[in-house]
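Q: Provided below: data.cif, containing mmCIF, C-alpha atoms and all ligand atoms.
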```cif
data_input
loop_
_atom_site.label_atom_id
_atom_site.label_comp_id
_atom_site.auth_asym_id
_atom_site.auth_seq_id
_atom_site.Cartn_x
_atom_site.Cartn_y
_atom_site.Cartn_z
CA MET O 1 15.49 14.10 17.27
CA ASN O 2 15.44 13.29 13.59
CA GLU O 3 13.46 15.53 11.30
CA ILE O 4 9.85 14.46 10.92
CA VAL O 5 9.14 13.24 7.39
CA THR O 6 5.64 12.36 6.24
CA ARG O 7 4.31 11.69 2.78
CA PHE O 8 1.17 11.89 0.74
CA ALA O 9 1.15 9.02 -1.74
CA PRO O 10 -1.81 9.05 -4.13
CA SER O 11 -2.29 6.75 -7.10
CA PRO O 12 -3.08 8.60 -10.32
CA SER O 13 -5.96 6.29 -11.21
CA GLY O 14 -8.59 9.02 -11.02
CA TYR O 15 -9.03 12.63 -9.98
CA LEU O 16 -8.41 13.49 -6.34
CA HIS O 17 -11.59 13.98 -4.34
CA LEU O 18 -12.55 15.55 -1.07
CA GLY O 19 -11.34 12.50 0.88
CA HIS O 20 -7.87 12.94 -0.59
CA ALA O 21 -7.89 16.62 0.34
CA ALA O 22 -8.67 15.61 3.92
CA SER O 23 -5.89 13.04 4.01
CA ALA O 24 -3.40 15.41 2.38
CA ALA O 25 -4.31 18.15 4.85
CA LEU O 26 -3.55 15.78 7.73
CA ALA O 27 -0.23 14.60 6.27
CA PHE O 28 0.99 18.09 5.29
CA GLY O 29 -0.41 19.48 8.54
CA PHE O 30 1.41 16.89 10.65
CA ALA O 31 4.72 17.78 8.98
CA LYS O 32 4.11 21.50 9.44
CA LYS O 33 3.14 21.17 13.09
CA ASN O 34 6.35 19.25 13.73
CA SER O 35 8.61 21.49 11.64
CA GLY O 36 9.23 18.60 9.28
CA LYS O 37 8.49 17.99 5.64
CA CYS O 38 5.84 16.17 3.69
CA LEU O 39 6.85 14.43 0.49
CA LEU O 40 4.59 13.77 -2.44
CA ARG O 41 4.93 10.34 -4.00
CA ILE O 42 3.15 9.14 -7.11
CA GLU O 43 2.15 5.49 -6.67
CA ASP O 44 1.62 4.62 -10.30
CA ILE O 45 2.79 1.00 -10.53
CA ASP O 46 -0.57 -0.21 -11.79
CA THR O 47 -0.12 1.04 -15.33
CA THR O 48 -3.43 -0.47 -16.39
CA ARG O 49 -5.29 2.07 -14.22
CA CYS O 50 -2.93 5.03 -13.81
CA LYS O 51 -2.92 7.88 -16.32
CA GLU O 52 -0.61 10.80 -17.02
CA GLU O 53 -3.62 13.13 -17.05
CA PHE O 54 -4.53 12.16 -13.47
CA GLU O 55 -0.93 12.63 -12.34
CA GLN O 56 -0.84 16.17 -13.75
CA ALA O 57 -4.15 16.85 -12.00
CA ILE O 58 -2.63 15.72 -8.68
CA TYR O 59 0.11 18.37 -8.96
CA GLU O 60 -2.40 21.04 -9.93
CA ASP O 61 -5.00 20.18 -7.31
CA LEU O 62 -2.51 19.98 -4.44
CA ALA O 63 -0.88 23.25 -5.47
CA TRP O 64 -4.35 24.83 -5.67
CA LEU O 65 -5.00 23.71 -2.08
CA GLY O 66 -1.77 25.47 -1.14
CA PHE O 67 0.47 22.49 -0.35
CA LYS O 68 4.18 22.52 -1.15
CA TRP O 69 6.46 19.54 -1.39
CA PRO O 70 10.15 18.99 -2.15
CA THR O 71 10.95 18.15 -5.78
CA PRO O 72 11.70 16.02 -7.72
CA THR O 73 8.61 14.01 -6.89
CA ARG O 74 9.23 10.28 -6.74
CA ARG O 75 7.25 8.40 -9.38
CA GLN O 76 7.25 4.70 -8.70
CA THR O 77 7.23 3.58 -12.33
CA GLU O 78 10.71 5.10 -12.64
CA HIS O 79 12.04 2.72 -9.99
CA LEU O 80 10.68 -0.69 -10.93
CA ALA O 81 14.18 -2.24 -10.78
CA ASP O 82 14.41 -1.29 -7.07
CA TYR O 83 11.17 -3.13 -6.33
CA ALA O 84 12.21 -6.13 -8.42
CA ALA O 85 15.36 -6.33 -6.29
CA VAL O 86 13.24 -6.54 -3.14
CA LEU O 87 11.27 -9.43 -4.61
CA ASP O 88 14.54 -11.14 -5.62
CA LYS O 89 15.81 -10.83 -2.09
CA LEU O 90 12.63 -12.32 -0.61
CA ARG O 91 12.85 -15.09 -3.20
CA ASP O 92 16.47 -15.80 -2.20
CA MET O 93 15.28 -15.96 1.40
CA LYS O 94 12.67 -18.51 0.20
CA LEU O 95 9.85 -16.48 1.68
CA VAL O 96 7.81 -16.04 -1.49
CA TYR O 97 6.31 -18.66 -3.73
CA ARG O 98 4.62 -18.86 -7.11
CA CYS O 99 0.89 -19.37 -6.78
CA PHE O 100 -0.70 -20.68 -9.98
CA LYS O 101 -4.24 -20.80 -8.67
CA THR O 102 -6.87 -18.72 -10.41
CA ARG O 103 -8.96 -16.23 -8.50
CA LYS O 104 -11.89 -18.62 -8.69
CA GLU O 105 -9.87 -21.53 -7.33
CA ILE O 106 -8.69 -19.37 -4.43
CA LEU O 107 -12.24 -18.24 -3.62
CA ASN O 108 -13.49 -21.83 -3.68
CA GLU O 109 -10.64 -22.95 -1.49
CA ILE O 110 -11.30 -20.19 1.04
CA ALA O 111 -15.01 -21.02 1.14
CA ARG O 112 -14.23 -24.70 1.77
CA ALA O 113 -11.50 -24.13 4.37
CA PRO O 114 -12.17 -26.75 7.08
CA HIS O 115 -11.32 -24.63 10.12
CA ASN O 116 -11.87 -21.04 9.17
CA PRO O 117 -14.09 -20.70 6.12
CA GLY O 118 -13.88 -17.21 4.66
CA GLU O 119 -10.46 -16.49 6.15
CA PRO O 120 -7.83 -14.89 3.90
CA TYR O 121 -5.89 -17.27 1.69
CA THR O 122 -2.76 -18.97 2.93
CA GLY O 123 -0.93 -21.36 0.66
CA PRO O 124 0.28 -24.90 1.26
CA ARG O 125 3.17 -25.37 3.68
CA GLU O 126 5.04 -27.71 1.33
CA VAL O 127 7.16 -26.17 -1.36
CA MET O 128 5.90 -27.00 -4.86
CA ASP O 129 7.70 -29.74 -6.72
CA GLU O 130 10.45 -28.04 -8.71
CA GLY O 131 9.84 -30.03 -11.86
CA LEU O 132 6.13 -29.24 -11.85
CA GLU O 133 6.79 -25.56 -11.20
CA LYS O 134 9.20 -25.38 -14.15
CA GLU O 135 6.67 -27.09 -16.35
CA LEU O 136 3.88 -24.68 -15.45
CA VAL O 137 6.14 -21.67 -16.03
CA ALA O 138 7.25 -23.10 -19.38
CA GLU O 139 3.60 -23.63 -20.36
CA GLY O 140 3.07 -19.93 -19.73
CA LYS O 141 0.54 -20.49 -16.93
CA LEU O 142 -0.20 -17.27 -15.06
CA TYR O 143 0.98 -16.97 -11.49
CA ALA O 144 1.39 -14.50 -8.66
CA TRP O 145 4.24 -14.27 -6.18
CA ARG O 146 2.83 -14.56 -2.69
CA LEU O 147 4.53 -13.92 0.62
CA SER O 148 4.37 -17.09 2.70
CA LEU O 149 3.29 -16.34 6.25
CA TYR O 150 4.21 -19.85 7.28
CA ARG O 151 7.78 -19.48 6.05
CA SER O 152 8.08 -15.92 7.36
CA GLN O 153 7.09 -17.22 10.76
CA GLU O 154 9.66 -20.01 10.53
CA TYR O 155 12.29 -17.53 9.40
CA LEU O 156 11.68 -15.00 12.18
CA GLY O 157 10.97 -17.49 14.94
CA ARG O 158 9.75 -15.83 18.12
CA GLN O 159 10.22 -12.38 16.66
CA TYR O 160 7.22 -13.03 14.39
CA ASN O 161 4.88 -12.82 17.35
CA ARG O 162 6.59 -9.73 18.70
CA LEU O 163 6.13 -7.55 15.63
CA SER O 164 4.49 -4.28 16.52
CA PHE O 165 3.97 -0.74 15.34
CA MET O 166 2.77 2.52 16.83
CA ASN O 167 -0.66 3.62 15.68
CA ASN O 168 -2.03 6.96 16.83
CA GLY O 169 0.35 6.88 19.79
CA GLU O 170 -0.49 3.34 20.89
CA LYS O 171 1.52 0.19 20.47
CA VAL O 172 -0.25 -2.37 18.29
CA ARG O 173 0.78 -6.00 17.95
CA ALA O 174 1.11 -6.79 14.23
CA GLY O 175 -0.96 -9.72 12.98
CA PRO O 176 0.03 -10.21 9.33
CA ALA O 177 -2.44 -13.11 9.07
CA VAL O 178 -5.20 -10.52 8.67
CA LEU O 179 -4.57 -10.48 4.91
CA GLY O 180 -3.18 -14.00 4.49
CA ASP O 181 -0.41 -14.74 2.00
CA VAL O 182 -0.54 -11.44 0.12
CA ILE O 183 0.41 -11.07 -3.52
CA LEU O 184 3.73 -9.26 -3.86
CA ALA O 185 4.00 -9.35 -7.64
CA ARG O 186 2.21 -10.64 -10.70
CA LYS O 187 3.42 -11.64 -14.09
CA ASP O 188 2.08 -8.41 -15.64
CA VAL O 189 2.68 -5.96 -12.73
CA GLY O 190 6.08 -7.10 -11.41
CA THR O 191 5.61 -5.51 -8.01
CA SER O 192 2.85 -4.53 -5.62
CA TYR O 193 1.67 -1.68 -3.47
CA HIS O 194 3.11 -3.48 -0.42
CA ILE O 195 6.66 -3.73 -1.77
CA ALA O 196 6.80 -0.35 -3.50
CA CYS O 197 5.29 1.53 -0.56
CA CYS O 198 7.48 -0.02 2.14
CA HIS O 199 10.62 0.22 0.02
CA ASP O 200 10.04 3.90 -0.64
CA ASP O 201 9.07 4.76 2.93
CA ALA O 202 12.42 3.29 4.04
CA LEU O 203 14.44 4.85 1.23
CA GLN O 204 12.87 8.27 1.69
CA GLY O 205 13.36 8.25 5.46
CA VAL O 206 9.65 8.56 6.21
CA THR O 207 9.25 8.74 9.99
CA ASP O 208 5.48 9.16 10.19
CA ILE O 209 2.77 7.79 7.94
CA VAL O 210 -0.54 9.57 7.96
CA ARG O 211 -3.15 7.68 5.94
CA GLY O 212 -6.69 6.40 5.96
CA VAL O 213 -7.82 3.62 8.25
CA ASP O 214 -8.73 1.60 5.14
CA LEU O 215 -5.01 0.79 4.94
CA LEU O 216 -4.69 -0.41 8.52
CA ASP O 217 -4.83 -4.09 7.51
CA SER O 218 -1.98 -3.47 5.08
CA THR O 219 0.08 -1.95 7.88
CA HIS O 220 0.20 -5.37 9.58
CA ILE O 221 1.82 -6.79 6.45
CA HIS O 222 4.08 -3.77 6.05
CA CYS O 223 5.37 -4.30 9.56
CA LEU O 224 6.33 -7.89 8.63
CA LEU O 225 8.00 -6.76 5.39
CA GLN O 226 9.94 -4.11 7.28
CA GLU O 227 11.24 -6.72 9.71
CA LEU O 228 12.16 -9.16 6.91
CA MET O 229 13.95 -6.47 4.91
CA GLY O 230 15.61 -4.77 7.89
CA TRP O 231 13.76 -1.48 7.27
CA PRO O 232 12.76 0.84 10.10
CA VAL O 233 9.11 0.82 11.18
CA PRO O 234 7.66 4.32 10.87
CA ARG O 235 5.03 5.62 13.29
CA TYR O 236 1.55 5.28 11.85
CA HIS O 237 -1.34 7.68 12.19
CA HIS O 238 -4.41 6.13 10.59
CA HIS O 239 -7.25 8.55 10.31
CA ALA O 240 -10.98 8.03 9.85
CA LEU O 241 -12.29 8.29 6.32
CA LEU O 242 -14.40 11.15 5.18
CA VAL O 243 -17.99 10.05 4.70
CA ASP O 244 -20.97 11.79 3.15
CA LYS O 245 -24.18 12.56 5.02
CA ASP O 246 -25.44 9.01 4.43
CA GLY O 247 -22.29 7.61 6.00
CA LYS O 248 -20.96 6.40 2.65
CA ARG O 249 -17.27 6.87 1.96
CA PHE O 250 -16.15 9.08 -0.87
CA SER O 251 -14.51 7.31 -3.70
CA LYS O 252 -13.07 8.04 -7.09
CA ARG O 253 -16.48 7.21 -8.51
CA ASP O 254 -18.10 10.30 -6.95
CA LYS O 255 -17.28 12.63 -9.80
CA SER O 256 -19.08 15.62 -8.30
CA LEU O 257 -16.70 15.73 -5.37
CA THR O 258 -13.45 15.71 -7.26
CA LEU O 259 -11.29 18.68 -6.38
CA ARG O 260 -11.48 19.56 -10.06
CA ALA O 261 -15.27 19.72 -10.06
CA LEU O 262 -15.36 21.68 -6.79
CA ARG O 263 -12.86 24.18 -8.17
CA GLN O 264 -14.80 24.56 -11.43
CA SER O 265 -18.00 25.14 -9.50
CA GLY O 266 -16.32 28.09 -7.79
CA ALA O 267 -15.23 26.60 -4.45
CA SER O 268 -12.18 28.23 -2.89
CA PRO O 269 -9.25 26.22 -1.53
CA GLN O 270 -10.16 27.48 1.94
CA ASN O 271 -13.73 26.22 1.96
CA THR O 272 -12.68 22.99 0.28
CA LEU O 273 -10.18 22.36 3.09
CA ALA O 274 -12.72 23.41 5.72
CA HIS O 275 -15.26 21.01 4.23
CA ALA O 276 -12.61 18.25 4.09
CA SER O 277 -11.60 18.78 7.69
CA GLN O 278 -14.98 17.49 8.92
CA LEU O 279 -13.49 13.99 8.90
CA GLY O 280 -15.30 10.85 9.90
N1 LIG L 1 -1.34 4.89 -2.96
C1 LIG L 1 -2.27 4.53 -1.95
C2 LIG L 1 -3.67 5.01 -2.31
O1 LIG L 1 -3.84 5.75 -3.21
C3 LIG L 1 -1.95 5.11 -0.58
C4 LIG L 1 -0.68 4.61 -0.07
C5 LIG L 1 -0.33 4.95 1.36
O2 LIG L 1 -0.64 6.03 1.87
O3 LIG L 1 0.33 4.11 1.96
O4 LIG L 1 -4.61 4.61 -1.67
#
```
Please re-express this file's structure in structure tokens.
Ligand code: GLU
A:
Amino acid sequence: MNEIVTRFAPSPSGYLHLGHAASAALAFGFAKKNSGKCLLRIEDIDTTRCKEEFEQAIYEDLAWLGFKWPTPTRRQTEHLADYAAVLDKLRDMKLVYRCFKTRKEILNEIARAPHNPGEPYTGPREVMDEGLEKELVAEGKLYAWRLSLYRSQEYLGRQYNRLSFMNNGEKVRAGPAVLGDVILARKDVGTSYHIACCHDDALQGVTDIVRGVDLLDSTHIHCLLQELMGWPVPRYHHHALLVDKDGKRFSKRDKSLTLRALRQSGASPQNTLAHASQLG
């Protein structure tokens, strides 16, 4: 059997909190239990939100908790050309399209959808007139590259309905429609979490993905991207999210529960991990 490879892939857009410690403990723990390795990956493509200071804190906080990972650590901003190449390929396959609609226009359109109001956005089936598209680009109108579910379905034929992945040991049929035609790149951020994450999981030989259930919807899209790009589908292990005593999930906004704050208030790595292990 191939070596088990997991990863912990935080975004340095804030300090890590107790929820991250729980997720990291599961990912590193899974690798350890299976005599494999857990990689650390810095998902910093959103340069408007990510900061160097938070990245340094990730290294410090994880080391404080006692985790070890192979180096060098992959930092996604150092590999933007790789992700651009994925988008180029999908563009050559005619599976992505430029969407010039504003957020407001999309929201209105979703609300007015005749059959399924409130459903995620899916774009028109017809390809935009080439002349008009060129004009809008030349005018400098903002756009996003979206993955067309309609064209992906046409491209894959029957295979589209057979997409599946393993989640917590059970086979799940992938339904990429859950998020609609997702944005794969914008004019300012030339890639997306979906592309960068799936590209790197394939490149880094990740066999098992341990992450929060808040990303389960994304997994349906990832499964489609993996099929389109010919990447292997890792096994997924989505875990419950850590919630406070009122049932509210921890987020980067809860400053008091950052690993930093806990450490400064005298918590030990052991009780922090014990606290974090009371998941769900
Ligand atoms: N970077 C993502 C986050 O911070 C997690 C990515 C993943 O585990 O797939 O939420």
Q: Which residues form the shell of 8 Å around ligand LIG 1 (chain L) when you count all atoms listed in the file, given as a PyMOL selection string?
A: chain O and resi 7-12+42-44+193+197+209-212+215
Q: List as number ranges by chain the protein and nucleic acid residues near Leu132 (chain O), meaning an atom at most 12 Å away when all atoms listed in the file are counted, but skip any in the same chain fewer than 6 places from it.
A: O: 98, 100, 138-139, 141
Q: Which is closest to Thr122 (chain O) among O:Leu147, O:Ala196, O:Ala81, O:Leu273, if we use all atoms listed in the file?
A: O:Leu147
Q: With the cut-off set at 12 Å and counting all atoms listed in the file, tabulate each residue of region 35-60 of chain O with an atom at most that distance from an atom of region 200-206 of chain O, showing the nearest atom pair and its distance in Å to one decimal, ordered by chain and increasing number, as CSV.
A:
```
residue,atom,partner,partner_atom,distance
O:Gly36,CA,O:Val206,CA,10.5
O:Lys37,CA,O:Val206,CA,9.5
O:Cys38,CA,O:Val206,CA,8.9
O:Leu39,CA,O:Val206,CA,8.7
O:Leu40,CA,O:Gln204,CA,10.8
O:Arg41,CA,O:Asp200,CA,8.9
O:Ile42,CA,O:Asp200,CA,10.8
O:Glu43,CA,O:Asp200,CA,10.1
```
Q: Report as a ChimeraX atom specification all protein, DNA and RNA residues lying within 12 Å of Met128 (chain O), evaluated on all atoms listed in the file, omitting residues in the same chain fewer than 5 positions from it.
A: /O:94,96-100,123,133-136
Q: Could you work out how far CA of Pro176 (chain O) lies from CA of Ile221 (chain O), giving the answer in Å with one decimal?
A: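 CA of Pro176 (chain O) lies at a distance of 4.8 Å from CA of Ile221 (chain O).
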Q: Kindly complete region 160-185 of chain O to N, CA, C and O atoms; the output should be written as a PDB file, in the coordinates of the input.
A:
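Printed below is result_12.pdb as written:
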```pdb
ATOM      1  N   TYR O 160       8.453 -13.170  15.185  1.00  0.00           N
ATOM      2  CA  TYR O 160       7.220 -13.030  14.390  1.00  0.00           C
ATOM      3  C   TYR O 160       6.057 -12.597  15.275  1.00  0.00           C
ATOM      4  O   TYR O 160       5.237 -11.770  14.890  1.00  0.00           O
ATOM      5  N   ASN O 161       6.001 -13.163  16.460  1.00  0.00           N
ATOM      6  CA  ASN O 161       4.880 -12.820  17.350  1.00  0.00           C
ATOM      7  C   ASN O 161       5.123 -11.542  18.143  1.00  0.00           C
ATOM      8  O   ASN O 161       4.273 -11.125  18.918  1.00  0.00           O
ATOM      9  N   ARG O 162       6.294 -10.969  17.960  1.00  0.00           N
ATOM     10  CA  ARG O 162       6.590  -9.730  18.700  1.00  0.00           C
ATOM     11  C   ARG O 162       6.520  -8.503  17.806  1.00  0.00           C
ATOM     12  O   ARG O 162       6.829  -7.404  18.247  1.00  0.00           O
ATOM     13  N   LEU O 163       6.165  -8.699  16.547  1.00  0.00           N
ATOM     14  CA  LEU O 163       6.130  -7.550  15.630  1.00  0.00           C
ATOM     15  C   LEU O 163       5.090  -6.542  16.116  1.00  0.00           C
ATOM     16  O   LEU O 163       3.980  -6.926  16.474  1.00  0.00           O
ATOM     17  N   SER O 164       5.463  -5.289  16.094  1.00  0.00           N
ATOM     18  CA  SER O 164       4.490  -4.280  16.520  1.00  0.00           C
ATOM     19  C   SER O 164       4.788  -2.947  15.844  1.00  0.00           C
ATOM     20  O   SER O 164       5.869  -2.741  15.304  1.00  0.00           O
ATOM     21  N   PHE O 165       3.780  -2.092  15.868  1.00  0.00           N
ATOM     22  CA  PHE O 165       3.970  -0.740  15.340  1.00  0.00           C
ATOM     23  C   PHE O 165       3.166   0.227  16.192  1.00  0.00           C
ATOM     24  O   PHE O 165       2.286  -0.186  16.948  1.00  0.00           O
ATOM     25  N   MET O 166       3.509   1.509  16.092  1.00  0.00           N
ATOM     26  CA  MET O 166       2.770   2.520  16.830  1.00  0.00           C
ATOM     27  C   MET O 166       1.656   3.036  15.928  1.00  0.00           C
ATOM     28  O   MET O 166       1.907   3.408  14.780  1.00  0.00           O
ATOM     29  N   ASN O 167       0.450   3.032  16.437  1.00  0.00           N
ATOM     30  CA  ASN O 167      -0.660   3.620  15.680  1.00  0.00           C
ATOM     31  C   ASN O 167      -1.373   4.636  16.543  1.00  0.00           C
ATOM     32  O   ASN O 167      -1.861   4.295  17.622  1.00  0.00           O
ATOM     33  N   ASN O 168      -1.394   5.861  16.085  1.00  0.00           N
ATOM     34  CA  ASN O 168      -2.030   6.960  16.830  1.00  0.00           C
ATOM     35  C   ASN O 168      -1.559   6.972  18.285  1.00  0.00           C
ATOM     36  O   ASN O 168      -2.359   7.090  19.211  1.00  0.00           O
ATOM     37  N   GLY O 169      -0.249   6.770  18.450  1.00  0.00           N
ATOM     38  CA  GLY O 169       0.350   6.880  19.790  1.00  0.00           C
ATOM     39  C   GLY O 169       0.243   5.627  20.636  1.00  0.00           C
ATOM     40  O   GLY O 169       0.713   5.610  21.768  1.00  0.00           O
ATOM     41  N   GLU O 170      -0.384   4.569  20.090  1.00  0.00           N
ATOM     42  CA  GLU O 170      -0.490   3.340  20.890  1.00  0.00           C
ATOM     43  C   GLU O 170       0.209   2.187  20.212  1.00  0.00           C
ATOM     44  O   GLU O 170       0.174   2.067  18.992  1.00  0.00           O
ATOM     45  N   LYS O 171       0.823   1.323  21.045  1.00  0.00           N
ATOM     46  CA  LYS O 171       1.520   0.190  20.470  1.00  0.00           C
ATOM     47  C   LYS O 171       0.512  -0.890  20.050  1.00  0.00           C
ATOM     48  O   LYS O 171      -0.357  -1.261  20.827  1.00  0.00           O
ATOM     49  N   VAL O 172       0.657  -1.343  18.819  1.00  0.00           N
ATOM     50  CA  VAL O 172      -0.250  -2.370  18.290  1.00  0.00           C
ATOM     51  C   VAL O 172       0.565  -3.587  17.914  1.00  0.00           C
ATOM     52  O   VAL O 172       1.593  -3.471  17.251  1.00  0.00           O
ATOM     53  N   ARG O 173       0.130  -4.753  18.336  1.00  0.00           N
ATOM     54  CA  ARG O 173       0.780  -6.000  17.950  1.00  0.00           C
ATOM     55  C   ARG O 173       0.410  -6.295  16.490  1.00  0.00           C
ATOM     56  O   ARG O 173      -0.772  -6.232  16.148  1.00  0.00           O
ATOM     57  N   ALA O 174       1.421  -6.543  15.646  1.00  0.00           N
ATOM     58  CA  ALA O 174       1.110  -6.790  14.230  1.00  0.00           C
ATOM     59  C   ALA O 174       0.631  -8.223  14.035  1.00  0.00           C
ATOM     60  O   ALA O 174       1.245  -9.158  14.553  1.00  0.00           O
ATOM     61  N   GLY O 175      -0.436  -8.387  13.298  1.00  0.00           N
ATOM     62  CA  GLY O 175      -0.960  -9.720  12.980  1.00  0.00           C
ATOM     63  C   GLY O 175      -1.070  -9.848  11.470  1.00  0.00           C
ATOM     64  O   GLY O 175      -2.140  -9.633  10.907  1.00  0.00           O
ATOM     65  N   PRO O 176       0.049 -10.181  10.809  1.00  0.00           N
ATOM     66  CA  PRO O 176       0.030 -10.210   9.330  1.00  0.00           C
ATOM     67  C   PRO O 176      -0.985 -11.182   8.762  1.00  0.00           C
ATOM     68  O   PRO O 176      -1.362 -11.071   7.599  1.00  0.00           O
ATOM     69  N   ALA O 177      -1.471 -12.122   9.577  1.00  0.00           N
ATOM     70  CA  ALA O 177      -2.440 -13.110   9.070  1.00  0.00           C
ATOM     71  C   ALA O 177      -3.735 -12.451   8.613  1.00  0.00           C
ATOM     72  O   ALA O 177      -4.525 -13.067   7.894  1.00  0.00           O
ATOM     73  N   VAL O 178      -3.944 -11.197   9.009  1.00  0.00           N
ATOM     74  CA  VAL O 178      -5.200 -10.520   8.670  1.00  0.00           C
ATOM     75  C   VAL O 178      -5.450 -10.473   7.152  1.00  0.00           C
ATOM     76  O   VAL O 178      -6.596 -10.467   6.706  1.00  0.00           O
ATOM     77  N   LEU O 179      -4.386 -10.477   6.360  1.00  0.00           N
ATOM     78  CA  LEU O 179      -4.570 -10.480   4.910  1.00  0.00           C
ATOM     79  C   LEU O 179      -4.105 -11.774   4.247  1.00  0.00           C
ATOM     80  O   LEU O 179      -4.104 -11.893   3.027  1.00  0.00           O
ATOM     81  N   GLY O 180      -3.648 -12.726   5.050  1.00  0.00           N
ATOM     82  CA  GLY O 180      -3.180 -14.000   4.490  1.00  0.00           C
ATOM     83  C   GLY O 180      -1.862 -13.856   3.742  1.00  0.00           C
ATOM     84  O   GLY O 180      -1.094 -12.922   3.994  1.00  0.00           O
ATOM     85  N   ASP O 181      -1.632 -14.787   2.822  1.00  0.00           N
ATOM     86  CA  ASP O 181      -0.410 -14.740   2.000  1.00  0.00           C
ATOM     87  C   ASP O 181      -0.624 -13.721   0.887  1.00  0.00           C
ATOM     88  O   ASP O 181      -1.147 -14.051  -0.179  1.00  0.00           O
ATOM     89  N   VAL O 182      -0.230 -12.490   1.108  1.00  0.00           N
ATOM     90  CA  VAL O 182      -0.540 -11.440   0.120  1.00  0.00           C
ATOM     91  C   VAL O 182       0.263 -11.602  -1.159  1.00  0.00           C
ATOM     92  O   VAL O 182       1.356 -12.165  -1.169  1.00  0.00           O
ATOM     93  N   ILE O 183      -0.284 -11.058  -2.227  1.00  0.00           N
ATOM     94  CA  ILE O 183       0.410 -11.070  -3.520  1.00  0.00           C
ATOM     95  C   ILE O 183       1.437  -9.934  -3.530  1.00  0.00           C
ATOM     96  O   ILE O 183       1.111  -8.781  -3.250  1.00  0.00           O
ATOM     97  N   LEU O 184       2.683 -10.283  -3.823  1.00  0.00           N
ATOM     98  CA  LEU O 184       3.730  -9.260  -3.860  1.00  0.00           C
ATOM     99  C   LEU O 184       4.123  -8.888  -5.282  1.00  0.00           C
ATOM    100  O   LEU O 184       4.828  -7.898  -5.487  1.00  0.00           O
ATOM    101  N   ALA O 185       3.735  -9.687  -6.237  1.00  0.00           N
ATOM    102  CA  ALA O 185       4.000  -9.350  -7.640  1.00  0.00           C
ATOM    103  C   ALA O 185       3.165 -10.271  -8.519  1.00  0.00           C
ATOM    104  O   ALA O 185       2.781 -11.361  -8.091  1.00  0.00           O
TER     105      ALA O 185
END
```
